[in-house]
$ cat final_34.csv   # CSV, C-alpha atoms and all ligand atoms
chain,number,residue,atom,x,y,z
I,9,MET,CA,0.0,0.0,0.0
I,10,ASN,CA,1.4,3.4,-0.8
I,11,ASP,CA,1.5,6.5,1.5
I,12,GLU,CA,-1.5,8.1,-0.1
I,13,ASN,CA,-3.7,5.0,0.4
I,14,ARG,CA,-2.6,4.4,4.0
I,15,ALA,CA,-3.2,8.0,4.7
I,16,LEU,CA,-6.9,7.7,4.1
I,17,CYS,CA,-8.1,7.7,7.7
I,18,PRO,CA,-11.9,7.6,8.1
I,19,HIS,CA,-11.7,9.9,11.0
I,20,ARG,CA,-9.6,12.6,9.4
I,21,ARG,CA,-12.2,15.3,9.0
I,22,ALA,CA,-13.9,15.0,12.4
I,23,CYS,CA,-10.7,14.5,14.3
I,24,GLY,CA,-8.3,17.1,12.8
I,25,GLY,CA,-5.3,15.7,14.6
I,26,CYS,CA,-3.4,14.8,11.4
I,27,GLN,CA,-3.2,18.1,9.6
I,28,LEU,CA,-0.9,16.8,6.9
I,29,LEU,CA,-2.7,13.6,5.8
I,30,ASN,CA,-3.5,14.9,2.4
I,31,LEU,CA,0.3,15.0,1.6
I,32,SER,CA,2.4,11.9,0.9
I,33,TYR,CA,5.0,11.3,3.6
I,34,ALA,CA,7.8,12.6,1.3
I,35,GLU,CA,5.7,15.8,0.8
I,36,GLN,CA,5.2,16.2,4.5
I,37,LEU,CA,8.9,16.1,5.1
I,38,GLY,CA,9.4,18.7,2.4
I,39,HIS,CA,6.7,20.9,4.0
I,40,LYS,CA,8.3,20.6,7.5
I,41,GLN,CA,11.8,21.3,6.0
I,42,ARG,CA,10.5,24.5,4.4
I,43,GLN,CA,8.8,25.5,7.7
I,44,VAL,CA,12.0,25.1,9.7
I,45,ILE,CA,14.0,26.9,7.1
I,46,GLY,CA,11.4,29.7,7.1
I,47,LEU,CA,11.7,30.1,10.9
I,48,LEU,CA,15.3,29.1,11.7
I,49,GLY,CA,17.0,29.6,8.3
I,50,ARG,CA,18.1,33.1,9.3
I,51,PHE,CA,20.4,31.6,12.0
I,52,GLY,CA,22.2,29.2,9.6
I,53,HIS,CA,22.0,26.2,7.3
I,54,VAL,CA,19.2,23.8,8.1
I,55,GLU,CA,20.2,20.1,7.7
I,56,GLU,CA,17.8,17.8,6.0
I,57,ILE,CA,15.0,16.6,8.2
I,58,TRP,CA,15.2,13.0,9.5
I,59,GLY,CA,12.0,11.2,8.6
I,60,MET,CA,10.8,7.7,9.7
I,61,ALA,CA,11.1,4.6,7.7
I,62,GLU,CA,7.7,3.4,9.0
I,63,PRO,CA,5.8,6.5,10.0
I,64,TYR,CA,2.7,4.8,11.4
I,65,HIS,CA,1.6,3.7,14.9
I,66,TYR,CA,4.6,5.4,16.5
I,67,ARG,CA,2.8,6.9,19.5
I,68,ASN,CA,3.7,4.9,22.6
I,69,LYS,CA,1.1,6.9,24.6
I,70,VAL,CA,-2.6,6.8,23.8
I,71,HIS,CA,-5.1,8.9,25.4
I,72,ALA,CA,-8.8,8.2,24.9
I,73,ALA,CA,-11.6,10.4,26.1
I,74,PHE,CA,-14.9,8.7,27.1
I,75,ALA,CA,-18.3,10.3,26.6
I,76,LEU,CA,-21.9,9.6,25.7
I,77,ASP,CA,-23.1,10.5,22.2
I,78,ARG,CA,-26.5,12.0,21.4
I,79,ARG,CA,-28.1,8.6,21.5
I,80,ARG,CA,-26.5,8.1,24.9
I,81,GLN,CA,-24.2,5.4,23.5
I,82,ILE,CA,-20.7,5.2,25.0
I,83,VAL,CA,-18.0,6.5,22.7
I,84,SER,CA,-14.3,6.7,23.2
I,85,GLY,CA,-11.7,8.4,21.1
I,86,ILE,CA,-10.0,11.7,20.5
I,87,TYR,CA,-11.1,15.2,21.3
I,88,GLN,CA,-11.9,17.1,18.2
I,89,SER,CA,-9.1,19.7,17.8
I,90,SER,CA,-11.6,22.5,17.4
I,91,SER,CA,-14.1,21.6,20.2
I,92,HIS,CA,-14.6,19.4,23.2
I,93,ALA,CA,-16.6,16.8,21.3
I,94,VAL,CA,-15.3,13.2,21.3
I,95,VAL,CA,-14.7,11.7,17.9
I,96,LYS,CA,-15.2,7.9,18.1
I,97,VAL,CA,-11.9,6.4,17.1
I,98,ASP,CA,-11.2,2.7,17.4
I,99,SER,CA,-7.9,2.6,15.6
I,100,CYS,CA,-5.6,5.5,14.7
I,101,LEU,CA,-2.8,5.6,12.2
I,102,LEU,CA,-0.5,7.2,14.7
I,103,GLU,CA,-1.3,5.2,17.9
I,104,ASP,CA,0.1,2.0,19.2
I,105,GLU,CA,-2.2,-0.8,18.0
I,106,LEU,CA,-2.2,-2.8,21.2
I,107,ALA,CA,-3.1,0.4,23.2
I,108,ASP,CA,-6.0,1.0,20.8
I,109,ARG,CA,-7.3,-2.5,21.2
I,110,ILE,CA,-7.1,-2.2,25.0
I,111,ILE,CA,-9.2,1.0,24.9
I,112,VAL,CA,-11.9,-0.5,22.7
I,113,ALA,CA,-12.1,-3.5,25.0
I,114,ILE,CA,-12.5,-1.3,28.0
I,115,ARG,CA,-15.3,0.5,26.3
I,116,GLY,CA,-17.0,-2.8,25.6
I,117,MET,CA,-16.7,-3.9,29.2
I,118,LEU,CA,-18.3,-0.8,30.8
I,119,ARG,CA,-21.9,-1.9,30.5
I,120,GLU,CA,-21.2,-5.5,31.6
I,121,PHE,CA,-19.6,-4.2,34.8
I,122,LYS,CA,-22.2,-1.4,35.3
I,123,LEU,CA,-19.7,1.4,35.1
I,124,GLN,CA,-20.9,4.7,33.8
I,125,VAL,CA,-19.1,7.2,31.7
I,126,TYR,CA,-18.7,10.7,33.1
I,127,ASP,CA,-21.0,13.4,31.7
I,128,GLU,CA,-19.3,16.8,31.7
I,129,ARG,CA,-22.6,18.7,31.6
I,130,SER,CA,-24.2,17.1,34.6
I,131,GLY,CA,-21.1,16.2,36.5
I,132,THR,CA,-22.4,12.6,37.0
I,133,GLY,CA,-21.0,9.2,36.0
I,134,TRP,CA,-17.5,7.8,36.5
I,135,LEU,CA,-15.0,7.1,33.7
I,136,ARG,CA,-13.5,10.1,32.0
I,137,HIS,CA,-10.4,9.0,30.2
I,138,VAL,CA,-8.1,6.0,29.6
I,139,LEU,CA,-4.4,6.5,29.2
I,140,VAL,CA,-2.3,3.6,27.9
I,141,ARG,CA,1.5,3.8,27.8
I,142,ARG,CA,3.6,1.1,26.2
I,143,GLY,CA,7.3,0.6,26.6
I,144,PHE,CA,8.5,0.2,23.1
I,145,THR,CA,11.5,-1.9,24.0
I,146,SER,CA,10.4,-3.4,27.3
I,147,GLY,CA,6.9,-4.2,26.1
I,148,GLN,CA,5.5,-3.2,29.5
I,149,VAL,CA,2.0,-1.7,29.3
I,150,MET,CA,0.4,0.8,31.8
I,151,VAL,CA,-3.3,1.4,31.8
I,152,VAL,CA,-4.5,4.5,33.7
I,153,LEU,CA,-8.2,4.8,34.3
I,154,VAL,CA,-9.1,8.4,35.0
I,155,ALA,CA,-12.4,8.6,36.9
I,156,ALA,CA,-14.4,11.2,38.7
I,157,SER,CA,-14.4,9.2,42.0
I,158,PRO,CA,-12.2,6.7,43.7
I,159,ILE,CA,-15.2,4.3,44.1
I,160,PHE,CA,-14.6,1.6,41.5
I,161,LYS,CA,-17.7,-0.7,41.2
I,162,ASN,CA,-16.8,-4.3,40.4
I,163,GLN,CA,-13.2,-3.5,40.5
I,164,LYS,CA,-12.0,-7.0,41.0
I,165,LEU,CA,-14.1,-8.6,38.3
I,166,PHE,CA,-13.3,-5.8,35.8
I,167,LEU,CA,-9.5,-6.1,36.4
I,168,SER,CA,-9.4,-9.8,36.2
I,169,LYS,CA,-11.3,-9.8,32.8
I,170,LEU,CA,-9.0,-7.0,31.5
I,171,LEU,CA,-5.8,-8.7,32.6
I,172,CYS,CA,-7.0,-12.0,31.3
I,173,ASP,CA,-7.8,-10.6,27.9
I,174,PHE,CA,-4.6,-8.5,27.8
I,175,PRO,CA,-1.8,-10.4,29.6
I,176,GLU,CA,0.6,-7.7,28.2
I,177,ILE,CA,-0.7,-5.2,30.8
I,178,THR,CA,1.8,-4.9,33.5
I,179,THR,CA,0.2,-2.2,35.7
I,180,VAL,CA,-3.2,-0.6,36.2
I,181,VAL,CA,-3.6,2.8,38.0
I,182,LEU,CA,-6.8,4.6,39.0
I,183,ASN,CA,-6.4,8.3,38.8
I,184,VAL,CA,-9.1,10.5,40.3
I,185,ASN,CA,-10.0,13.7,38.5
I,186,ASP,CA,-13.1,15.4,39.9
I,187,ARG,CA,-12.4,18.8,38.4
I,188,PHE,CA,-13.7,20.7,35.5
I,189,GLY,CA,-11.2,21.8,32.8
I,190,SER,CA,-8.9,20.2,30.3
I,191,LEU,CA,-6.2,18.8,32.6
I,192,LEU,CA,-6.2,15.0,32.0
I,193,LEU,CA,-4.9,13.7,35.3
I,194,GLY,CA,-6.1,14.7,38.8
I,195,PRO,CA,-3.7,14.9,41.7
I,196,LYS,CA,-4.5,11.5,43.3
I,197,SER,CA,-3.7,8.1,42.0
I,198,LYS,CA,-4.1,4.6,43.4
I,199,VAL,CA,-2.2,1.6,42.0
I,200,LEU,CA,-4.7,-1.2,41.4
I,201,TYR,CA,-2.3,-3.7,39.9
I,202,GLY,CA,1.5,-4.0,39.4
I,203,SER,CA,4.0,-1.3,40.2
I,204,GLY,CA,2.2,1.9,39.1
I,205,PHE,CA,4.8,2.7,36.5
I,206,ILE,CA,6.4,1.2,33.4
I,207,GLU,CA,10.0,0.8,32.6
I,208,ASP,CA,11.4,1.3,29.1
I,209,GLU,CA,14.8,1.4,27.4
I,210,LEU,CA,16.3,4.3,25.5
I,211,CYS,CA,20.0,4.6,24.4
I,212,LYS,CA,20.5,1.2,26.2
I,213,LEU,CA,19.5,2.7,29.6
I,214,LYS,CA,16.4,1.8,31.6
I,215,PHE,CA,13.9,4.4,32.5
I,216,ARG,CA,11.0,4.3,34.9
I,217,ILE,CA,8.0,6.4,33.9
I,218,SER,CA,5.2,7.3,36.2
I,219,PRO,CA,1.7,8.2,34.9
I,220,SER,CA,2.1,12.0,35.0
I,221,SER,CA,5.8,12.1,33.9
I,222,PHE,CA,6.6,13.4,30.5
I,223,TYR,CA,8.1,10.8,28.2
I,224,GLN,CA,8.8,11.3,24.5
I,225,ILE,CA,6.0,9.7,22.5
I,226,ASN,CA,8.0,8.5,19.5
I,227,PRO,CA,10.7,6.2,20.8
I,228,VAL,CA,12.3,5.4,17.5
I,229,GLN,CA,13.0,9.1,16.6
I,230,THR,CA,13.8,9.9,20.3
I,231,GLU,CA,16.9,7.8,20.2
I,232,ARG,CA,18.1,9.5,17.1
I,233,LEU,CA,17.3,12.9,18.5
I,234,TYR,CA,19.1,12.3,21.8
I,235,ALA,CA,22.1,10.8,20.0
I,236,GLU,CA,22.4,13.9,17.9
I,237,ALA,CA,21.9,16.2,20.9
I,238,ILE,CA,24.7,14.4,22.7
I,239,ARG,CA,27.0,14.4,19.7
I,240,LEU,CA,26.5,18.1,19.2
I,241,ALA,CA,27.3,18.7,22.9
I,242,GLY,CA,30.8,17.6,22.2
I,243,LEU,CA,31.4,16.0,25.6
I,244,THR,CA,34.9,14.9,26.6
I,245,GLY,CA,34.3,13.6,30.1
I,246,SER,CA,35.3,16.7,32.0
I,247,GLU,CA,32.1,18.8,31.6
I,248,THR,CA,29.5,19.8,34.1
I,249,VAL,CA,26.2,19.5,32.2
I,250,LEU,CA,22.8,21.1,33.0
I,251,ASP,CA,19.8,19.2,31.7
I,252,ALA,CA,17.1,21.8,31.9
I,253,TYR,CA,13.4,20.7,31.6
I,254,CYS,CA,14.7,17.2,32.1
I,255,GLY,CA,11.5,15.1,32.5
I,256,VAL,CA,12.5,11.7,33.9
I,257,GLY,CA,16.2,12.5,33.2
I,258,THR,CA,16.5,10.9,29.8
I,259,ILE,CA,18.9,13.2,28.0
I,260,GLY,CA,21.2,13.9,31.0
I,261,LEU,CA,21.4,10.2,31.9
I,262,CYS,CA,22.1,9.2,28.3
I,263,ALA,CA,25.0,11.8,28.4
I,264,ALA,CA,26.3,10.9,31.8
I,265,ALA,CA,29.0,8.5,30.8
I,266,GLN,CA,30.6,11.2,28.7
I,267,ALA,CA,30.5,14.0,31.2
I,268,LYS,CA,31.9,14.8,34.7
I,269,GLN,CA,28.6,15.5,36.2
I,270,ILE,CA,24.9,16.0,35.2
I,271,ILE,CA,22.5,18.3,37.0
I,272,GLY,CA,18.8,18.1,36.0
I,273,VAL,CA,16.0,20.4,36.8
I,274,GLU,CA,12.3,19.8,36.2
I,275,LEU,CA,9.0,21.3,37.4
I,276,ASN,CA,7.1,18.0,37.8
I,277,ALA,CA,8.0,16.4,41.1
I,278,ASP,CA,6.9,13.0,40.1
I,279,ALA,CA,9.2,13.1,37.0
I,280,VAL,CA,12.1,14.2,39.2
I,281,ARG,CA,11.4,11.3,41.5
I,282,ASP,CA,11.6,9.0,38.4
I,283,ALA,CA,14.8,10.7,37.3
I,284,ILE,CA,16.5,10.0,40.7
I,285,VAL,CA,15.4,6.3,40.5
I,286,ASN,CA,16.5,6.2,36.9
I,287,ALA,CA,20.0,7.2,37.8
I,288,LYS,CA,20.1,4.4,40.4
I,289,LEU,CA,18.6,1.9,38.1
I,290,ASN,CA,21.5,2.4,35.7
I,291,GLY,CA,24.2,2.7,38.3
I,292,ILE,CA,24.9,6.3,37.3
I,293,LYS,CA,26.5,8.1,40.2
I,294,ASN,CA,27.4,11.5,38.7
I,295,ALA,CA,23.8,12.8,38.1
I,296,TRP,CA,21.7,15.0,40.5
I,297,PHE,CA,18.1,16.1,39.9
I,298,THR,CA,16.1,18.8,41.5
I,299,ALA,CA,12.4,19.8,41.3
I,300,GLY,CA,11.7,23.4,40.4
I,301,ASP,CA,11.3,26.1,37.7
I,302,ALA,CA,14.2,25.9,35.3
I,303,GLY,CA,14.3,29.7,35.1
I,304,GLU,CA,14.6,30.1,38.8
I,305,PHE,CA,17.2,27.4,39.0
I,306,MET,CA,19.3,29.1,36.3
I,307,GLU,CA,19.0,32.4,38.1
I,308,GLY,CA,20.3,30.7,41.3
I,309,MET,CA,23.2,29.3,39.3
I,310,ALA,CA,24.0,32.8,37.9
I,311,ALA,CA,23.8,34.4,41.3
I,312,ASP,CA,26.1,31.7,42.9
I,313,GLY,CA,28.6,32.0,40.1
I,314,GLN,CA,28.2,28.4,39.0
I,315,LYS,CA,29.1,27.7,35.5
I,316,PRO,CA,28.0,24.6,33.6
I,317,ASP,CA,30.0,23.9,30.5
I,318,VAL,CA,27.1,22.6,28.5
I,319,VAL,CA,23.4,23.2,28.8
I,320,PHE,CA,20.8,21.0,27.3
I,321,MET,CA,17.4,22.7,27.2
I,322,ASP,CA,14.2,21.0,26.1
I,323,PRO,CA,11.3,23.2,27.1
I,324,PRO,CA,7.6,22.5,26.4
I,325,ARG,CA,5.8,24.0,23.3
I,326,ALA,CA,5.6,27.5,24.9
I,327,GLY,CA,9.4,27.6,24.8
I,328,SER,CA,11.6,28.9,27.5
I,329,ASP,CA,11.2,32.2,29.4
I,330,GLU,CA,13.2,35.4,29.8
I,331,LYS,CA,14.2,34.5,33.3
I,332,PHE,CA,15.9,31.3,32.0
I,333,LEU,CA,17.4,32.8,28.9
I,334,ARG,CA,18.8,35.9,30.6
I,335,SER,CA,20.4,33.9,33.3
I,336,LEU,CA,21.7,31.5,30.7
I,337,LEU,CA,23.5,34.4,29.1
I,338,ARG,CA,24.9,35.4,32.5
I,339,VAL,CA,26.1,31.8,33.2
I,340,SER,CA,27.5,31.7,29.7
I,341,PRO,CA,28.1,28.0,29.0
I,342,ALA,CA,30.5,27.1,26.2
I,343,ARG,CA,27.7,25.2,24.4
I,344,VAL,CA,23.9,25.2,24.5
I,345,VAL,CA,22.0,22.4,22.9
I,346,TYR,CA,18.4,23.5,22.5
I,347,ILE,CA,15.8,20.8,21.7
I,348,SER,CA,12.3,22.1,20.7
I,349,CYS,CA,9.0,20.7,19.5
I,350,ASN,CA,8.0,24.2,18.3
I,351,PRO,CA,10.1,26.1,15.9
I,352,VAL,CA,8.0,29.3,16.4
I,353,THR,CA,9.0,29.7,20.1
I,354,MET,CA,12.5,28.3,19.3
I,355,GLN,CA,13.0,31.2,16.8
I,356,ARG,CA,12.0,33.7,19.5
I,357,ASP,CA,14.3,32.2,22.1
I,358,LEU,CA,17.2,31.8,19.7
I,359,THR,CA,16.8,35.5,18.7
I,360,LEU,CA,17.4,36.5,22.3
I,361,LEU,CA,20.4,34.2,22.7
I,362,VAL,CA,22.0,35.4,19.5
I,363,ARG,CA,21.5,39.0,20.6
I,364,GLY,CA,23.3,37.9,23.8
I,365,GLY,CA,26.3,36.7,21.9
I,366,TYR,CA,25.7,33.1,20.9
I,367,ARG,CA,25.9,31.8,17.4
I,368,VAL,CA,23.9,28.9,16.0
I,369,ARG,CA,26.2,26.2,14.7
I,370,HIS,CA,24.0,23.4,13.6
I,371,ILE,CA,20.2,22.9,13.0
I,372,GLN,CA,18.8,19.4,12.7
I,373,PRO,CA,15.0,18.9,12.2
I,374,VAL,CA,13.6,15.5,13.2
I,375,ASP,CA,10.2,14.2,12.3
I,376,MET,CA,8.9,13.0,15.7
I,377,PHE,CA,5.2,13.5,14.8
I,378,PRO,CA,4.6,12.2,11.2
I,379,HIS,CA,1.2,13.3,9.6
I,380,THR,CA,0.8,16.1,12.1
I,381,GLU,CA,2.0,19.7,11.6
I,382,HIS,CA,4.5,19.4,14.5
I,383,VAL,CA,8.2,19.3,14.0
I,384,GLU,CA,11.1,18.9,16.4
I,385,SER,CA,14.5,20.5,16.0
I,386,VAL,CA,17.8,20.3,17.8
I,387,VAL,CA,20.1,23.3,17.6
I,388,LEU,CA,23.7,23.7,18.8
I,389,MET,CA,24.9,27.1,19.9
I,390,SER,CA,28.2,28.3,21.1
I,391,ARG,CA,29.7,31.7,22.0
I,392,ASP,CA,30.4,34.0,19.1
I,393,GLY,CA,34.1,34.3,18.1
F,401,LIG,N1,13.8,16.4,28.3
F,401,LIG,C1,12.7,15.6,28.7
F,401,LIG,C2,11.4,16.3,28.9
F,401,LIG,C3,11.0,17.3,27.8
F,401,LIG,S1,9.4,17.9,27.9
F,401,LIG,C4,12.5,14.5,27.7
F,401,LIG,O1,13.1,14.5,26.6
F,401,LIG,O2,11.8,13.5,27.9
F,401,LIG,C5,9.4,19.4,28.8
F,401,LIG,C6,9.5,19.2,30.3
F,401,LIG,O3,9.6,20.4,30.9
F,401,LIG,C7,8.3,18.5,30.9
F,401,LIG,O4,8.8,17.4,31.7
F,401,LIG,C8,7.7,19.5,31.8
F,401,LIG,O5,7.2,19.0,33.0
F,401,LIG,C9,8.9,20.4,32.1
F,401,LIG,N2,8.6,21.8,32.5
F,401,LIG,C10,7.6,22.6,32.1
F,401,LIG,N3,7.8,23.9,32.5
F,401,LIG,C11,8.9,23.9,33.3
F,401,LIG,C12,9.6,24.9,34.0
F,401,LIG,N4,9.1,26.1,34.1
F,401,LIG,N5,10.7,24.5,34.7
F,401,LIG,C13,11.2,23.2,34.6
F,401,LIG,N6,10.6,22.3,33.9
F,401,LIG,C14,9.5,22.6,33.2
$ encode --input "final_34.csv" --output "structure tokens"
Amino acid sequence: MNDENRALCPHRRACGGCQLLNLSYAEQLGHKQRQVIGLLGRFGHVEEIWGMAEPYHYRNKVHAAFALDRRRQIVSGIYQSSSHAVVKVDSCLLEDELADRIIVAIRGMLREFKLQVYDERSGTGWLRHVLVRRGFTSGQVMVVLVAASPIFKNQKLFLSKLLCDFPEITTVVLNVNDRFGSLLLGPKSKVLYGSGFIEDELCKLKFRISPSSFYQINPVQTERLYAEAIRLAGLTGSETVLDAYCGVGTIGLCAAAQAKQIIGVELNADAVRDAIVNAKLNGIKNAWFTAGDAGEFMEGMAADGQKPDVVFMDPPRAGSDEKFLRSLLRVSPARVVYISCNPVTMQRDLTLLVRGGYRVRHIQPVDMFPHTEHVESVVLMSRDG
């Protein structure tokens, strides 16, 4: 089957998640390349984007919203990008296929076990979302049931059927979210089966990932992205490295063997806990992680006269902030490796760093999100001169 045929997704209009499905994969890569050149080309040559050999079913994390349709039938699927309506999706070109099958099976089990779906308008009912995460290398599968209350009717029977039908599932977590709004997970979780997290492997290291921790969704491209980021950092074994916005510590830990020490900072306390465990899991003794705002942490470093040699920064889509960038300029590391999933905010941040005396040395786009408009880039900067 060629690209164009496979790209014919029956949900494409209603869902809106795959903005580039009307293009062949080769055309998509061209489109992204031009987009990155348009935004970042002013800073230097843009290398050719790295595409995927098999750009389907790459998402290791699948999130399904549950709702009732107009005929009060249970539907599960994806929030329409332009509204809060749930588009019924049983299988998606991007998502892990086992994860999709688990979600459809859960939908089918709800009536049998007298479990209701949460209704946003009336605030009644129980199940709101299901999140499935699958370790690409380890094969471990985590199912998170996000419900409006901790009372789980027929829990035992439900779980034994689910685990019997899907022996691949290694852990099940109940997360309670009784709030309005678009936040997926609530603050409280209860482990119903297994350890409450999955482990996966990246760059030959093991990583533990808790339900709320960020973890790159495309493991194949993540390994290439990290390898390039670490190559660009030019580590020799003597460097102090800051991994800012570090999540569960993946980039810093993958670089640890080539550096003197790694310091990681991350806002999400659960992710930091994972990062500390991950250092131990891999016997890495030269990495420290701390919970907090990266900008504040960087300001503290500047105030204390600390000077990392290399800074990896991998902020969320909104990019970094002035606090971080201005103190980065004060701290003045020899090399900055900026990883971004949004070239628009990356352009803004690079502009500030270039004004502050850095020069962009290398720009590598990576297609982490085939068929969607999103594009990842990794950029190396060093001091001018
Ligand atoms: N480098 C990691 C995570 C990147 S995603 C990886 O590759 O897996 C961006 C991370 O930044 C998320 O984990 C998010 O929780 C964190 N974050 C968001 N705002 C932050 C802030 N102000 N300070 C520190 N971390 C932040």
$ residues_around --input "final_34.csv" --residues "I:Ala267" --least-positions-apart "4" --cutoff "12 Å" --atoms "only C-alpha atoms" --output "NGL selection string"
:I and (238 or 241-251 or 260-263 or 271 or 292-295 or 316-319)
$ atom_distance --input "final_34.csv" --atom1 "atom N6 of ligand LIG 401 (chain F)" --atom2 "atom CA of I:Arg343"
19.8 Å
$ residues_near_ligand --input "final_34.csv" --ligand "ligand LIG 401 (chain F)" --cutoff "7 Å" --atoms "only C-alpha atoms and all ligand atoms" --output "PyMOL selection string"
chain I and resi 221-224+252-259+273-276+279+300-303+322-324
$ residues_around --input "final_34.csv" --residues "I:Val228" --least-positions-apart "3" --cutoff "8 Å" --atoms "only C-alpha atoms" --output "MDAnalysis selection string"
chainID I and resid 66 231:232
$ closest_residue --input "final_34.csv" --among "I:Glu105, I:Arg136, I:Met60, I:Arg21" --to "I:Ala72" --atoms "all atoms listed in the file"
I:Arg136
$ closest_residue --input "final_34.csv" --among "I:His379, I:Gly147, I:Pro219, I:Tyr87" --to "I:Leu16" --atoms "only C-alpha atoms"
I:His379
$ closest_residue --input "final_34.csv" --among "I:Val125, I:Leu240, I:Leu336, I:Leu167" --to "I:Ala310" --atoms "only C-alpha atoms"
I:Leu336
$ closest_residue --input "final_34.csv" --among "I:Gly194, I:Pro175, I:Gly143, I:Gly327" --to "I:Val352" --atoms "only C-alpha atoms"
I:Gly327
$ closest_residue --input "final_34.csv" --among "I:Thr380, I:Gln355, I:Thr298, I:Ser390" --to "I:Arg50" --atoms "only C-alpha atoms"
I:Gln355
